[in-house]
file structure_21.cif (mmCIF, C-alpha atoms)
data_query
#
loop_
_atom_site.label_atom_id
_atom_site.label_comp_id
_atom_site.auth_asym_id
_atom_site.auth_seq_id
_atom_site.Cartn_x
_atom_site.Cartn_y
_atom_site.Cartn_z
CA VAL A 1 0.00 0.00 0.00
CA ALA A 2 2.84 2.42 -0.65
CA SER A 3 1.48 2.96 -4.12
CA TRP A 4 -0.15 6.05 -5.62
CA ALA A 5 -3.65 6.19 -6.99
CA ILE A 6 -4.19 8.90 -9.59
CA LEU A 7 -7.91 9.62 -9.78
CA GLY A 8 -8.95 11.18 -13.04
CA GLY A 9 -5.73 9.62 -14.25
CA THR A 10 -6.87 9.32 -17.84
CA GLY A 11 -6.76 13.13 -18.29
CA ALA A 12 -3.64 14.89 -19.53
CA GLN A 13 -2.25 16.07 -16.18
CA GLY A 14 -3.13 12.89 -14.29
CA LEU A 15 -1.71 10.60 -16.94
CA GLY A 16 1.44 12.72 -17.19
CA LEU A 17 2.03 12.48 -13.47
CA ALA A 18 1.28 8.74 -13.46
CA LEU A 19 3.89 8.29 -16.20
CA ARG A 20 6.51 10.22 -14.26
CA LEU A 21 5.79 8.33 -11.03
CA ALA A 22 5.93 5.01 -12.86
CA ALA A 23 9.18 6.03 -14.56
CA ALA A 24 10.61 6.77 -11.09
CA GLY A 25 9.75 3.21 -10.03
CA GLU A 26 6.62 3.96 -8.02
CA PRO A 27 3.65 1.58 -8.30
CA VAL A 28 0.70 3.50 -9.71
CA ILE A 29 -3.02 2.84 -9.87
CA VAL A 30 -4.92 4.81 -12.46
CA GLY A 31 -8.46 5.66 -11.36
CA SER A 32 -11.25 6.64 -13.70
CA ARG A 33 -15.01 6.88 -13.55
CA VAL A 34 -15.04 3.99 -16.02
CA ALA A 35 -12.78 1.10 -15.01
CA GLU A 36 -12.08 0.11 -18.59
CA ARG A 37 -10.66 3.52 -19.47
CA ALA A 38 -8.44 3.27 -16.38
CA ARG A 39 -7.18 -0.13 -17.53
CA ASP A 40 -6.44 1.30 -20.99
CA ALA A 41 -4.43 4.14 -19.44
CA ALA A 42 -2.49 1.67 -17.27
CA GLU A 43 -1.68 -0.35 -20.38
CA LYS A 44 -0.43 2.85 -22.06
CA ILE A 45 1.83 3.49 -19.06
CA ARG A 46 3.24 -0.05 -19.15
CA ALA A 47 3.88 0.34 -22.88
CA ARG A 48 5.76 3.61 -22.43
CA VAL A 49 7.60 2.73 -19.20
CA PRO A 50 9.11 -0.75 -19.46
CA GLY A 51 8.70 -2.61 -16.19
CA ALA A 52 6.10 -0.16 -14.86
CA ASP A 53 3.89 -1.39 -12.02
CA ALA A 54 0.60 0.13 -13.26
CA MET A 55 -3.00 -1.00 -12.99
CA GLY A 56 -6.40 0.55 -13.67
CA LEU A 57 -9.48 0.64 -11.41
CA ASP A 58 -12.62 2.67 -11.00
CA ASN A 59 -12.07 5.76 -8.81
CA ALA A 60 -13.62 4.32 -5.64
CA SER A 61 -11.65 1.06 -5.84
CA ALA A 62 -8.46 2.97 -6.65
CA SER A 63 -9.06 5.18 -3.59
CA ARG A 64 -9.36 2.14 -1.33
CA ALA A 65 -6.29 0.44 -2.84
CA ALA A 66 -3.76 3.21 -2.17
CA GLU A 67 -2.71 5.38 0.78
CA ARG A 68 -1.58 8.29 -1.37
CA ILE A 69 -4.14 9.73 -3.74
CA VAL A 70 -3.66 12.23 -6.53
CA LEU A 71 -6.77 14.14 -7.61
CA SER A 72 -6.84 15.20 -11.24
CA PHE A 73 -10.52 15.64 -12.02
CA PRO A 74 -12.04 18.09 -14.47
CA ALA A 75 -13.64 21.13 -12.80
CA GLU A 76 -17.13 20.19 -13.85
CA GLY A 77 -18.46 17.57 -11.50
CA LEU A 78 -15.60 18.12 -9.07
CA VAL A 79 -17.73 18.93 -6.04
CA ASP A 80 -19.90 15.84 -6.58
CA ALA A 81 -16.85 13.64 -7.11
CA LEU A 82 -15.31 14.90 -3.86
CA GLY A 83 -18.55 14.27 -1.98
CA ALA A 84 -18.81 10.73 -3.31
CA LEU A 85 -15.19 9.84 -2.51
CA ALA A 86 -14.84 11.60 0.85
CA PRO A 87 -15.37 8.42 2.94
CA GLU A 88 -12.76 6.45 0.96
CA LEU A 89 -10.27 9.31 1.16
CA ALA A 90 -10.59 9.90 4.92
CA GLY A 91 -7.26 9.68 6.71
CA LYS A 92 -5.31 9.60 3.47
CA LEU A 93 -2.78 11.87 1.84
CA VAL A 94 -4.59 13.63 -1.02
CA VAL A 95 -2.52 15.50 -3.58
CA ASP A 96 -4.51 18.07 -5.54
CA VAL A 97 -2.91 18.90 -8.90
CA MET A 98 -5.93 20.65 -10.41
CA VAL A 99 -6.23 24.13 -11.91
CA PRO A 100 -9.58 24.99 -13.50
CA LEU A 101 -8.87 27.20 -16.50
CA ALA A 102 -11.32 28.88 -18.84
CA PHE A 103 -10.25 30.03 -22.28
CA HIS A 104 -11.66 33.17 -23.83
CA ARG A 105 -10.26 34.99 -26.86
CA GLY A 106 -7.09 32.95 -26.68
CA ARG A 107 -6.41 33.76 -23.01
CA ALA A 108 -6.46 31.40 -20.08
CA ASP A 109 -7.95 32.51 -16.79
CA VAL A 110 -8.50 30.70 -13.53
CA THR A 111 -12.17 30.07 -12.86
CA ALA A 112 -13.58 29.78 -9.38
CA VAL A 113 -15.16 26.43 -8.52
CA ALA A 114 -18.08 26.55 -6.09
CA GLY A 115 -17.05 30.05 -5.04
CA ALA A 116 -13.84 28.86 -3.35
CA PRO A 117 -10.73 31.08 -3.50
CA SER A 118 -8.76 28.10 -4.82
CA VAL A 119 -9.34 24.48 -5.74
CA GLY A 120 -6.90 23.47 -3.03
CA GLU A 121 -9.02 25.12 -0.35
CA LEU A 122 -12.19 23.65 -1.85
CA VAL A 123 -10.74 20.13 -1.79
CA GLN A 124 -9.65 20.42 1.84
CA GLU A 125 -13.07 21.82 2.79
CA ARG A 126 -14.85 18.92 1.08
CA LEU A 127 -12.41 16.31 2.39
CA PRO A 128 -12.06 17.50 5.98
CA ARG A 129 -10.69 14.15 7.16
CA SER A 130 -7.98 13.93 4.47
CA ARG A 131 -4.53 15.50 4.53
CA VAL A 132 -4.74 17.69 1.43
CA VAL A 133 -1.59 18.96 -0.28
CA CYS A 134 -1.42 20.99 -3.50
CA ALA A 135 1.45 20.16 -5.82
CA PHE A 136 2.40 19.86 -9.50
CA LYS A 137 -0.07 22.61 -10.41
CA ASN A 138 2.52 24.52 -12.46
CA VAL A 139 4.09 21.62 -14.30
CA PRO A 140 2.47 21.42 -17.75
CA ALA A 141 0.74 18.15 -18.66
CA GLU A 142 2.49 17.98 -22.03
CA LEU A 143 5.83 18.30 -20.30
CA LEU A 144 4.98 15.56 -17.79
CA GLN A 145 3.88 13.28 -20.61
CA ASP A 146 6.98 13.87 -22.70
CA LEU A 147 9.28 11.42 -20.94
CA GLU A 148 12.14 12.25 -23.33
CA GLN A 149 12.32 15.74 -21.78
CA PRO A 150 13.24 16.46 -18.18
CA ALA A 151 10.30 18.12 -16.42
CA ARG A 152 12.27 21.10 -15.17
CA GLY A 153 11.07 23.65 -12.65
CA ASP A 154 9.86 24.00 -9.09
CA VAL A 155 6.91 22.17 -7.62
CA LEU A 156 5.24 24.48 -5.12
CA VAL A 157 3.84 22.35 -2.32
CA CYS A 158 1.24 23.84 0.02
CA GLY A 159 -1.22 22.50 2.55
CA GLU A 160 -2.13 22.75 6.21
CA ASP A 161 -0.27 19.60 7.31
CA ALA A 162 3.52 20.06 7.33
CA SER A 163 4.26 16.33 7.47
CA ALA A 164 1.99 15.75 4.47
CA ARG A 165 3.86 18.49 2.61
CA ALA A 166 7.15 16.83 3.49
CA GLU A 167 5.87 13.48 2.23
CA VAL A 168 4.94 15.03 -1.11
CA ALA A 169 8.26 16.88 -1.29
CA ALA A 170 10.05 13.55 -0.82
CA ALA A 171 8.09 12.12 -3.74
CA VAL A 172 8.98 15.13 -5.90
CA ALA A 173 12.63 14.56 -5.05
CA ARG A 174 12.42 11.13 -6.70
CA LEU A 175 11.46 12.76 -10.02
CA PRO A 176 14.61 13.93 -11.82
CA GLU A 177 15.04 17.69 -12.43
CA LEU A 178 12.01 18.79 -10.40
CA ARG A 179 12.56 20.58 -7.09
CA ALA A 180 9.95 20.75 -4.37
CA VAL A 181 9.48 24.13 -2.68
CA ASP A 182 7.58 24.12 0.60
CA ALA A 183 5.01 26.86 0.02
CA GLY A 184 3.40 26.63 3.43
CA ALA A 185 -0.26 27.29 4.08
CA LEU A 186 -2.99 25.99 1.82
CA ALA A 187 -4.23 29.54 1.20
CA ASN A 188 -1.21 30.05 -1.06
CA ALA A 189 -2.89 27.66 -3.50
CA ARG A 190 -4.78 30.63 -4.99
CA TYR A 191 -1.52 32.21 -6.12
CA VAL A 192 -0.04 28.91 -7.27
CA GLU A 193 -3.13 28.26 -9.39
CA GLY A 194 -2.88 31.76 -10.86
CA ILE A 195 0.69 31.02 -11.94
CA THR A 196 -0.64 28.20 -14.10
CA ALA A 197 -2.91 30.58 -16.02
CA LEU A 198 0.02 32.94 -16.47
CA LEU A 199 2.28 30.14 -17.73
CA VAL A 200 -0.35 28.91 -20.18
CA ASN A 201 -0.62 32.45 -21.56
CA LEU A 202 3.18 32.74 -21.76
CA ASN A 203 3.31 29.39 -23.58
CA ARG A 204 0.91 30.58 -26.22
CA GLN A 205 2.61 33.95 -26.66
CA HIS A 206 6.16 32.60 -26.76
CA ARG A 207 5.41 29.16 -28.29
CA ALA A 208 7.09 27.59 -25.30
CA ARG A 209 6.55 25.14 -22.50
CA THR A 210 7.27 27.17 -19.44
CA SER A 211 7.40 26.38 -15.79
CA ILE A 212 8.59 28.48 -12.87
CA SER A 213 11.45 28.55 -10.48
CA ILE A 214 11.82 30.37 -7.17
CA VAL A 215 15.07 32.29 -7.02
CA GLY A 216 16.83 33.12 -3.76
CA LEU A 217 15.86 30.25 -1.46
CA PRO A 218 18.52 29.08 0.97
CA ALA A 219 20.20 25.95 -0.35
CA VAL B 220 12.93 64.43 -21.14
CA ALA B 221 14.26 60.90 -21.39
CA SER B 222 14.21 60.71 -17.60
CA TRP B 223 12.01 58.70 -15.29
CA ALA B 224 9.69 60.13 -12.68
CA ILE B 225 8.96 57.79 -9.80
CA LEU B 226 5.76 58.94 -8.14
CA GLY B 227 5.40 57.75 -4.59
CA GLY B 228 9.14 57.43 -4.87
CA THR B 229 9.75 57.89 -1.17
CA GLY B 230 8.18 54.48 -0.41
CA ALA B 231 10.27 51.32 -0.25
CA GLN B 232 9.52 49.94 -3.73
CA GLY B 233 9.65 53.32 -5.47
CA LEU B 234 12.88 54.37 -3.81
CA GLY B 235 14.43 50.96 -4.55
CA LEU B 236 13.61 51.27 -8.21
CA ALA B 237 14.82 54.89 -8.32
CA LEU B 238 18.12 53.76 -6.83
CA ARG B 239 18.53 51.00 -9.42
CA LEU B 240 17.65 53.30 -12.32
CA ALA B 241 20.06 55.95 -11.04
CA ALA B 242 22.78 53.32 -10.60
CA ALA B 243 22.23 52.34 -14.24
CA GLY B 244 22.87 55.94 -15.25
CA GLU B 245 19.26 57.00 -15.85
CA PRO B 246 18.17 60.48 -14.72
CA VAL B 247 15.46 60.08 -12.10
CA ILE B 248 12.91 62.45 -10.63
CA VAL B 249 11.43 61.40 -7.31
CA GLY B 250 7.83 62.48 -6.91
CA SER B 251 6.03 62.75 -3.59
CA ARG B 252 2.89 64.35 -2.27
CA VAL B 253 5.19 66.63 -0.29
CA ALA B 254 7.98 68.17 -2.40
CA GLU B 255 10.37 68.34 0.53
CA ARG B 256 10.16 64.61 1.15
CA ALA B 257 10.89 64.07 -2.55
CA ARG B 258 13.96 66.28 -2.32
CA ASP B 259 15.15 64.33 0.74
CA ALA B 260 14.78 61.07 -1.16
CA ALA B 261 16.69 62.48 -4.13
CA GLU B 262 19.47 63.51 -1.79
CA LYS B 263 19.55 59.97 -0.40
CA ILE B 264 19.92 58.64 -3.94
CA ARG B 265 22.76 61.01 -4.75
CA ALA B 266 24.48 59.99 -1.53
CA ARG B 267 24.20 56.27 -2.30
CA VAL B 268 24.87 56.48 -6.05
CA PRO B 269 27.85 58.73 -6.76
CA GLY B 270 27.16 60.91 -9.79
CA ALA B 271 23.43 60.15 -9.78
CA ASP B 272 21.22 62.59 -11.69
CA ALA B 273 18.35 62.72 -9.17
CA MET B 274 15.96 65.46 -8.16
CA GLY B 275 12.78 65.69 -6.09
CA LEU B 276 9.47 67.35 -6.99
CA ASP B 277 5.83 67.14 -5.98
CA ASN B 278 3.95 64.41 -7.87
CA ALA B 279 2.22 66.72 -10.36
CA SER B 280 5.42 68.58 -11.26
CA ALA B 281 7.32 65.30 -11.52
CA SER B 282 4.61 63.97 -13.88
CA ARG B 283 5.00 66.97 -16.15
CA ALA B 284 8.81 66.84 -16.11
CA ALA B 285 9.21 63.26 -17.40
CA GLU B 286 7.88 61.17 -20.27
CA ARG B 287 8.17 57.87 -18.42
CA ILE B 288 6.37 57.63 -15.12
CA VAL B 289 6.60 54.93 -12.47
CA LEU B 290 3.63 54.67 -10.09
CA SER B 291 4.43 53.43 -6.63
CA PHE B 292 1.61 54.75 -4.46
CA PRO B 293 0.15 53.10 -1.37
CA ALA B 294 -3.20 51.39 -1.98
CA GLU B 295 -5.09 53.82 0.22
CA GLY B 296 -5.78 56.95 -1.73
CA LEU B 297 -4.71 55.33 -5.00
CA VAL B 298 -7.94 55.97 -6.88
CA ASP B 299 -7.94 59.65 -5.89
CA ALA B 300 -4.27 60.04 -6.80
CA LEU B 301 -4.90 58.53 -10.23
CA GLY B 302 -7.85 60.82 -10.81
CA ALA B 303 -5.85 63.90 -9.86
CA LEU B 304 -2.87 63.00 -12.06
CA ALA B 305 -4.73 61.65 -15.11
CA PRO B 306 -4.40 64.87 -17.16
CA GLU B 307 -0.64 65.12 -16.54
CA LEU B 308 -0.15 61.44 -17.36
CA ALA B 309 -2.11 61.48 -20.64
CA GLY B 310 -0.04 60.23 -23.56
CA LYS B 311 2.78 59.02 -21.33
CA LEU B 312 4.29 55.66 -20.54
CA VAL B 313 3.10 54.71 -17.05
CA VAL B 314 4.80 51.83 -15.28
CA ASP B 315 2.74 50.37 -12.45
CA VAL B 316 4.87 48.54 -9.88
CA MET B 317 2.21 48.33 -7.15
CA VAL B 318 0.88 45.29 -5.29
CA PRO B 319 -1.58 46.00 -2.49
CA LEU B 320 -0.95 43.43 0.24
CA ALA B 321 -2.81 42.90 3.47
CA PHE B 322 -1.24 41.05 6.36
CA HIS B 323 -3.26 38.83 8.62
CA ARG B 324 -1.91 36.24 11.05
CA GLY B 325 1.50 36.49 9.50
CA ARG B 326 0.27 35.83 5.97
CA ALA B 327 0.27 38.23 3.04
CA ASP B 328 -2.68 38.32 0.69
CA VAL B 329 -3.47 40.49 -2.28
CA THR B 330 -6.32 42.89 -1.57
CA ALA B 331 -8.62 44.18 -4.26
CA VAL B 332 -8.57 47.94 -4.81
CA ALA B 333 -11.87 49.51 -5.92
CA GLY B 334 -13.13 46.06 -6.91
CA ALA B 335 -10.66 45.73 -9.81
CA PRO B 336 -9.22 42.28 -10.62
CA SER B 337 -5.74 43.79 -10.47
CA VAL B 338 -4.09 47.12 -9.76
CA GLY B 339 -2.71 47.10 -13.30
CA GLU B 340 -6.19 46.96 -14.78
CA LEU B 341 -7.41 49.62 -12.35
CA VAL B 342 -4.60 51.98 -13.33
CA GLN B 343 -5.26 51.56 -17.06
CA GLU B 344 -8.99 52.09 -16.49
CA ARG B 345 -8.36 55.30 -14.52
CA LEU B 346 -5.67 56.53 -16.94
CA PRO B 347 -7.33 55.69 -20.26
CA ARG B 348 -5.07 58.04 -22.21
CA SER B 349 -1.81 56.66 -20.78
CA ARG B 350 0.12 53.63 -21.97
CA VAL B 351 0.10 51.50 -18.81
CA VAL B 352 2.61 48.71 -18.31
CA CYS B 353 2.99 46.55 -15.20
CA ALA B 354 6.54 45.65 -14.23
CA PHE B 355 8.81 45.08 -11.22
CA LYS B 356 5.90 43.79 -9.16
CA ASN B 357 7.79 40.66 -8.08
CA VAL B 358 11.13 42.25 -7.26
CA PRO B 359 11.27 42.86 -3.51
CA ALA B 360 11.81 46.43 -2.36
CA GLU B 361 14.55 45.38 0.06
CA LEU B 362 16.39 43.67 -2.76
CA LEU B 363 16.08 46.72 -5.02
CA GLN B 364 17.38 48.94 -2.24
CA ASP B 365 20.34 46.72 -1.44
CA LEU B 366 22.66 47.92 -4.19
CA GLU B 367 25.42 45.58 -2.98
CA GLN B 368 23.30 42.63 -4.12
CA PRO B 369 22.33 41.91 -7.70
CA ALA B 370 18.51 42.06 -8.04
CA ARG B 371 18.16 38.65 -9.64
CA GLY B 372 15.01 37.26 -11.22
CA ASP B 373 12.57 37.90 -14.02
CA VAL B 374 10.55 41.07 -14.42
CA LEU B 375 7.17 40.13 -15.85
CA VAL B 376 6.04 42.95 -18.12
CA CYS B 377 2.38 43.14 -19.13
CA GLY B 378 0.12 45.75 -20.67
CA GLU B 379 -2.10 46.34 -23.66
CA ASP B 380 0.46 48.28 -25.72
CA ALA B 381 3.22 46.07 -27.13
CA SER B 382 5.55 48.96 -27.92
CA ALA B 383 5.18 50.26 -24.37
CA ARG B 384 6.04 46.79 -23.06
CA ALA B 385 9.12 46.73 -25.30
CA GLU B 386 10.19 50.13 -24.00
CA VAL B 387 9.98 48.90 -20.41
CA ALA B 388 11.78 45.67 -21.32
CA ALA B 389 14.62 47.74 -22.77
CA ALA B 390 14.86 49.65 -19.49
CA VAL B 391 14.93 46.38 -17.53
CA ALA B 392 17.76 45.18 -19.76
CA ARG B 393 19.88 48.08 -18.52
CA LEU B 394 19.60 46.81 -14.93
CA PRO B 395 22.18 44.09 -14.34
CA GLU B 396 20.96 40.55 -13.56
CA LEU B 397 17.27 41.27 -14.16
CA ARG B 398 15.60 39.78 -17.22
CA ALA B 399 12.40 41.17 -18.73
CA VAL B 400 9.77 38.63 -19.74
CA ASP B 401 7.03 39.90 -22.04
CA ALA B 402 3.90 38.70 -20.25
CA GLY B 403 1.44 40.01 -22.82
CA ALA B 404 -2.00 41.27 -21.94
CA LEU B 405 -2.68 43.50 -18.96
CA ALA B 406 -5.13 40.95 -17.56
CA ASN B 407 -2.14 38.81 -16.58
CA ALA B 408 -1.39 41.46 -13.94
CA ARG B 409 -3.74 39.65 -11.55
CA TYR B 410 -1.49 36.58 -11.57
CA VAL B 411 1.69 38.62 -11.42
CA GLU B 412 0.37 40.46 -8.37
CA GLY B 413 -0.56 37.15 -6.77
CA ILE B 414 3.01 35.95 -7.19
CA THR B 415 4.14 38.82 -4.98
CA ALA B 416 1.92 37.66 -2.12
CA LEU B 417 3.28 34.14 -2.58
CA LEU B 418 6.89 35.35 -2.56
CA VAL B 419 6.32 37.45 0.56
CA ASN B 420 4.93 34.35 2.29
CA LEU B 421 7.86 32.25 1.07
CA ASN B 422 10.27 34.90 2.36
CA ARG B 423 8.79 34.74 5.81
CA GLN B 424 8.69 30.95 5.90
CA HIS B 425 12.19 30.39 4.52
CA ARG B 426 13.82 33.58 5.86
CA ALA B 427 14.80 34.47 2.31
CA ARG B 428 14.46 37.17 -0.32
CA THR B 429 12.91 35.35 -3.19
CA SER B 430 12.00 36.35 -6.69
CA ILE B 431 10.84 34.23 -9.59
CA SER B 432 12.17 33.02 -12.87
CA ILE B 433 10.32 31.62 -15.86
CA VAL B 434 11.92 28.38 -17.05
CA GLY B 435 11.64 27.14 -20.62
CA LEU B 436 11.39 30.35 -22.66
CA PRO B 437 13.14 30.32 -26.03
CA ALA B 438 16.47 32.11 -25.80
#
call {"tool": "encode", "arguments": {"input": "structure_21.cif", "output": "structure tokens"}}
result
Amino acid sequence: VASWAILGGTGAQGLGLALRLAAAGEPVIVGSRVAERARDAAEKIRARVPGADAMGLDNASASRAAERIVLSFPAEGLVDALGALAPELAGKLVVDVMVPLAFHRGRADVTAVAGAPSVGELVQERLPRSRVVCAFKNVPAELLQDLEQPARGDVLVCGEDASARAEVAAAVARLPELRAVDAGALANARYVEGITALLVNLNRQHRARTSISIVGLPA
Amino acid sequence: VASWAILGGTGAQGLGLALRLAAAGEPVIVGSRVAERARDAAEKIRARVPGADAMGLDNASASRAAERIVLSFPAEGLVDALGALAPELAGKLVVDVMVPLAFHRGRADVTAVAGAPSVGELVQERLPRSRVVCAFKNVPAELLQDLEQPARGDVLVCGEDASARAEVAAAVARLPELRAVDAGALANARYVEGITALLVNLNRQHRARTSISIVGLPA
């Protein structure tokens, strides 16, 4: 049970992260609303990462099968999904990697979900018995999926539980070229999510795949 | 008239930027509500930067005396200050470096001014005849003021007028160690301002002076 379950793991960000975790030797369980799609994604991971320990399950079964859960759901239906899974996720480490973006006239903007100041805060509110940590919000899905390229940049890690943040930071440290930065309180998630919108806009403008780095931290 | 006027230039961020511009050989005019305080600040600049071309004037006179204006006002009174100066600032390049932060329980958060999604957008709305560019929002005042230290990091430059952004980027290029990143539309100011709150919180948590860098831009 040291494995990761990536719920919504058939989407771009979830699958990208599952690939990177599998490539780092971590057992991964892909969760999806439809078990068959999860199994297909797991097969894709095994095809791309030789020797990967990857399986697919429906979201509820995946939640029960792992102690560390990554949430990568689309914004629509998120609140219902959280409500349905809350019992399974109680007591567990839940890593929220989501940023709900809306596109309008070629620009990305963060959209509020259920009136919350950030998705991170919403997830913790709806999963009060889980240890919620935000991470990987600024690492682009395409970059995560492109295993030929190092996924460079800093992973800002925030959440109310310092030991949960440390656990996620240790996982980040196993992924080559990414650095975890402890970003403290969960309320910082609103700024971390905003950075994603900014980076998406920079990507479009500069035809690039950007991520961010914090300069000036003590070594 | 190729000089810069830094309005609100007796505050930490404004004075820091005036010092850096003066150190790069640019003539600077410090503007303040009270002309005498502006003159004191200019004297400080001349004392710290040998050979600096620095003078102090009241804000309205400073606005008239320069073609490129930096706004570094406190959040309170900002809307009134913009209204009063709008005629003087018409047709000019206006660089907004402001981020209104509120501190609560040791955390910094961005506060909305006059209901605007960002200060940058508010400034452009209140100065419709000026070319408004946001820049230097993420470079800490203490770092700008500490001339012994290079002010490392990226300066995200956004605004509606591409040639105005380019003009500010060229000025950034004259400051050693800082890199300008064209961040496109003014609406990105909301995310840039959020980064400042995040960095202030990181500084407190890590006892550091952080800034940010965008990774992955084409050279």
call {"tool": "closest_atom_pairs", "arguments": {"input": "structure_21.cif", "of": "segment 372-394 of chain B", "to": "segment 314-325 of chain B", "cutoff": "12 Å", "atoms": "all atoms listed in the file", "output": "Markdown table"}}
result
| residue | atom | partner | partner_atom | distance |
| --- | --- | --- | --- | --- |
| B:Val374 | CA | B:Val316 | CA | 10.4 |
| B:Leu375 | CA | B:Val316 | CA | 10.6 |
| B:Val376 | CA | B:Val314 | CA | 9.4 |
| B:Cys377 | CA | B:Val314 | CA | 9.8 |
| B:Gly378 | CA | B:Val314 | CA | 9.4 |
| B:Asp380 | CA | B:Val314 | CA | 11.9 |
| B:Ala383 | CA | B:Val314 | CA | 9.2 |
| B:Arg384 | CA | B:Val314 | CA | 9.4 |
| B:Glu386 | CA | B:Val314 | CA | 10.4 |
| B:Val387 | CA | B:Val314 | CA | 7.9 |
| B:Ala388 | CA | B:Val314 | CA | 11.1 |
| B:Ala390 | CA | B:Val314 | CA | 11.1 |
| B:Val391 | CA | B:Val314 | CA | 11.7 |
call {"tool": "closest_atom_pairs", "arguments": {"input": "structure_21.cif", "of": "segment 261-340 of chain B", "to": "segment 398-417 of chain B", "cutoff": "7 Å", "atoms": "all atoms listed in the file", "output": "CSV"}}
result
residue,atom,partner,partner_atom,distance
B:Val318,CA,B:Glu412,CA,5.8
B:Leu320,CA,B:Ala416,CA,6.9
B:Ala327,CA,B:Ala416,CA,5.4
B:Asp328,CA,B:Ala416,CA,5.4
B:Val329,CA,B:Ala416,CA,6.1
B:Pro336,CA,B:Arg409,CA,6.1
B:Ser337,CA,B:Arg409,CA,4.7
B:Gly339,CA,B:Ala408,CA,5.8
B:Glu340,CA,B:Leu405,CA,6.5
call {"tool": "residues_around", "arguments": {"input": "structure_21.cif", "residues": "Glu396 of chain B", "least_positions_apart": "6", "cutoff": "12 Å", "atoms": "all atoms listed in the file", "output": "PyMOL selection string"}}
result
chain B and resi 239+243+358+363+368-374+432
call {"tool": "residues_around", "arguments": {"input": "structure_21.cif", "residues": "Val247 of chain B", "least_positions_apart": "3", "cutoff": "7 Å", "atoms": "all atoms listed in the file", "output": "NGL selection string"}}
result
:B and (222-224 or 237 or 241 or 272-274)
call {"tool": "atom_distance", "arguments": {"input": "structure_21.cif", "atom1": "atom CA of Gly435 of chain B", "atom2": "atom CA of Ala135 of chain A"}}
result
19.3 Å
call {"tool": "resolve_selection", "arguments": {"input": "structure_21.cif", "expression": "the PyMOL selection byres ((chain A and resi 71-85) around 9)", "output": "mmCIF file with C-alpha atoms, keeping the file's coordinate frame"}}
result
data_model
loop_
_atom_site.group_PDB
_atom_site.id
_atom_site.type_symbol
_atom_site.label_atom_id
_atom_site.label_comp_id
_atom_site.auth_asym_id
_atom_site.auth_seq_id
_atom_site.Cartn_x
_atom_site.Cartn_y
_atom_site.Cartn_z
ATOM 1 C CA ALA A 5 -3.650 6.190 -6.990
ATOM 2 C CA ILE A 6 -4.190 8.900 -9.590
ATOM 3 C CA LEU A 7 -7.910 9.620 -9.780
ATOM 4 C CA GLY A 8 -8.950 11.180 -13.040
ATOM 5 C CA GLY A 9 -5.730 9.620 -14.250
ATOM 6 C CA THR A 10 -6.870 9.320 -17.840
ATOM 7 C CA GLY A 11 -6.760 13.130 -18.290
ATOM 8 C CA ALA A 12 -3.640 14.890 -19.530
ATOM 9 C CA GLN A 13 -2.250 16.070 -16.180
ATOM 10 C CA GLY A 14 -3.130 12.890 -14.290
ATOM 11 C CA LEU A 15 -1.710 10.600 -16.940
ATOM 12 C CA ASN A 59 -12.070 5.760 -8.810
ATOM 13 C CA ALA A 60 -13.620 4.320 -5.640
ATOM 14 C CA SER A 63 -9.060 5.180 -3.590
ATOM 15 C CA ILE A 69 -4.140 9.730 -3.740
ATOM 16 C CA VAL A 70 -3.660 12.230 -6.530
ATOM 17 C CA ALA A 86 -14.840 11.600 0.850
ATOM 18 C CA PRO A 87 -15.370 8.420 2.940
ATOM 19 C CA GLU A 88 -12.760 6.450 0.960
ATOM 20 C CA LEU A 89 -10.270 9.310 1.160
ATOM 21 C CA ALA A 90 -10.590 9.900 4.920
ATOM 22 C CA VAL A 94 -4.590 13.630 -1.020
ATOM 23 C CA VAL A 95 -2.520 15.500 -3.580
ATOM 24 C CA ASP A 96 -4.510 18.070 -5.540
ATOM 25 C CA VAL A 97 -2.910 18.900 -8.900
ATOM 26 C CA MET A 98 -5.930 20.650 -10.410
ATOM 27 C CA VAL A 99 -6.230 24.130 -11.910
ATOM 28 C CA PRO A 100 -9.580 24.990 -13.500
ATOM 29 C CA LEU A 101 -8.870 27.200 -16.500
ATOM 30 C CA VAL A 113 -15.160 26.430 -8.520
ATOM 31 C CA ALA A 114 -18.080 26.550 -6.090
ATOM 32 C CA VAL A 119 -9.340 24.480 -5.740
ATOM 33 C CA LEU A 122 -12.190 23.650 -1.850
ATOM 34 C CA VAL A 123 -10.740 20.130 -1.790
ATOM 35 C CA ARG A 126 -14.850 18.920 1.080
ATOM 36 C CA LEU A 127 -12.410 16.310 2.390
#
call {"tool": "closest_residue", "arguments": {"input": "structure_21.cif", "among": "A:Arg33, A:Glu148, A:Arg107, A:Glu125", "to": "chain B", "atoms": "all atoms listed in the file"}}
result
A:Arg107
call {"tool": "atom_distance", "arguments": {"input": "structure_21.cif", "atom1": "atom CA of Glu245 of chain B", "atom2": "atom CA of Val268 of chain B"}}
result
11.3 Å
call {"tool": "closest_residue", "arguments": {"input": "structure_21.cif", "among": "A:Ala173, A:Ala65, A:Leu17, A:Leu143", "to": "chain B", "atoms": "only C-alpha atoms"}}
result
A:Leu143
call {"tool": "closest_residue", "arguments": {"input": "structure_21.cif", "among": "A:Gly25, A:Gly91, A:Gly115, A:Pro140", "to": "chain B", "atoms": "only C-alpha atoms"}}
result
A:Pro140
call {"tool": "axis_aligned_box", "arguments": {"input": "structure_21.cif", "around": "segment 390-406 of chain B", "padding_each_side": "4 Å", "output": "lines of an AutoDock Vina configuration file"}}
result
center_x = 8.5
center_y = 44.1
center_z = -18.2
size_x = 35.3
size_y = 19.0
size_z = 17.3
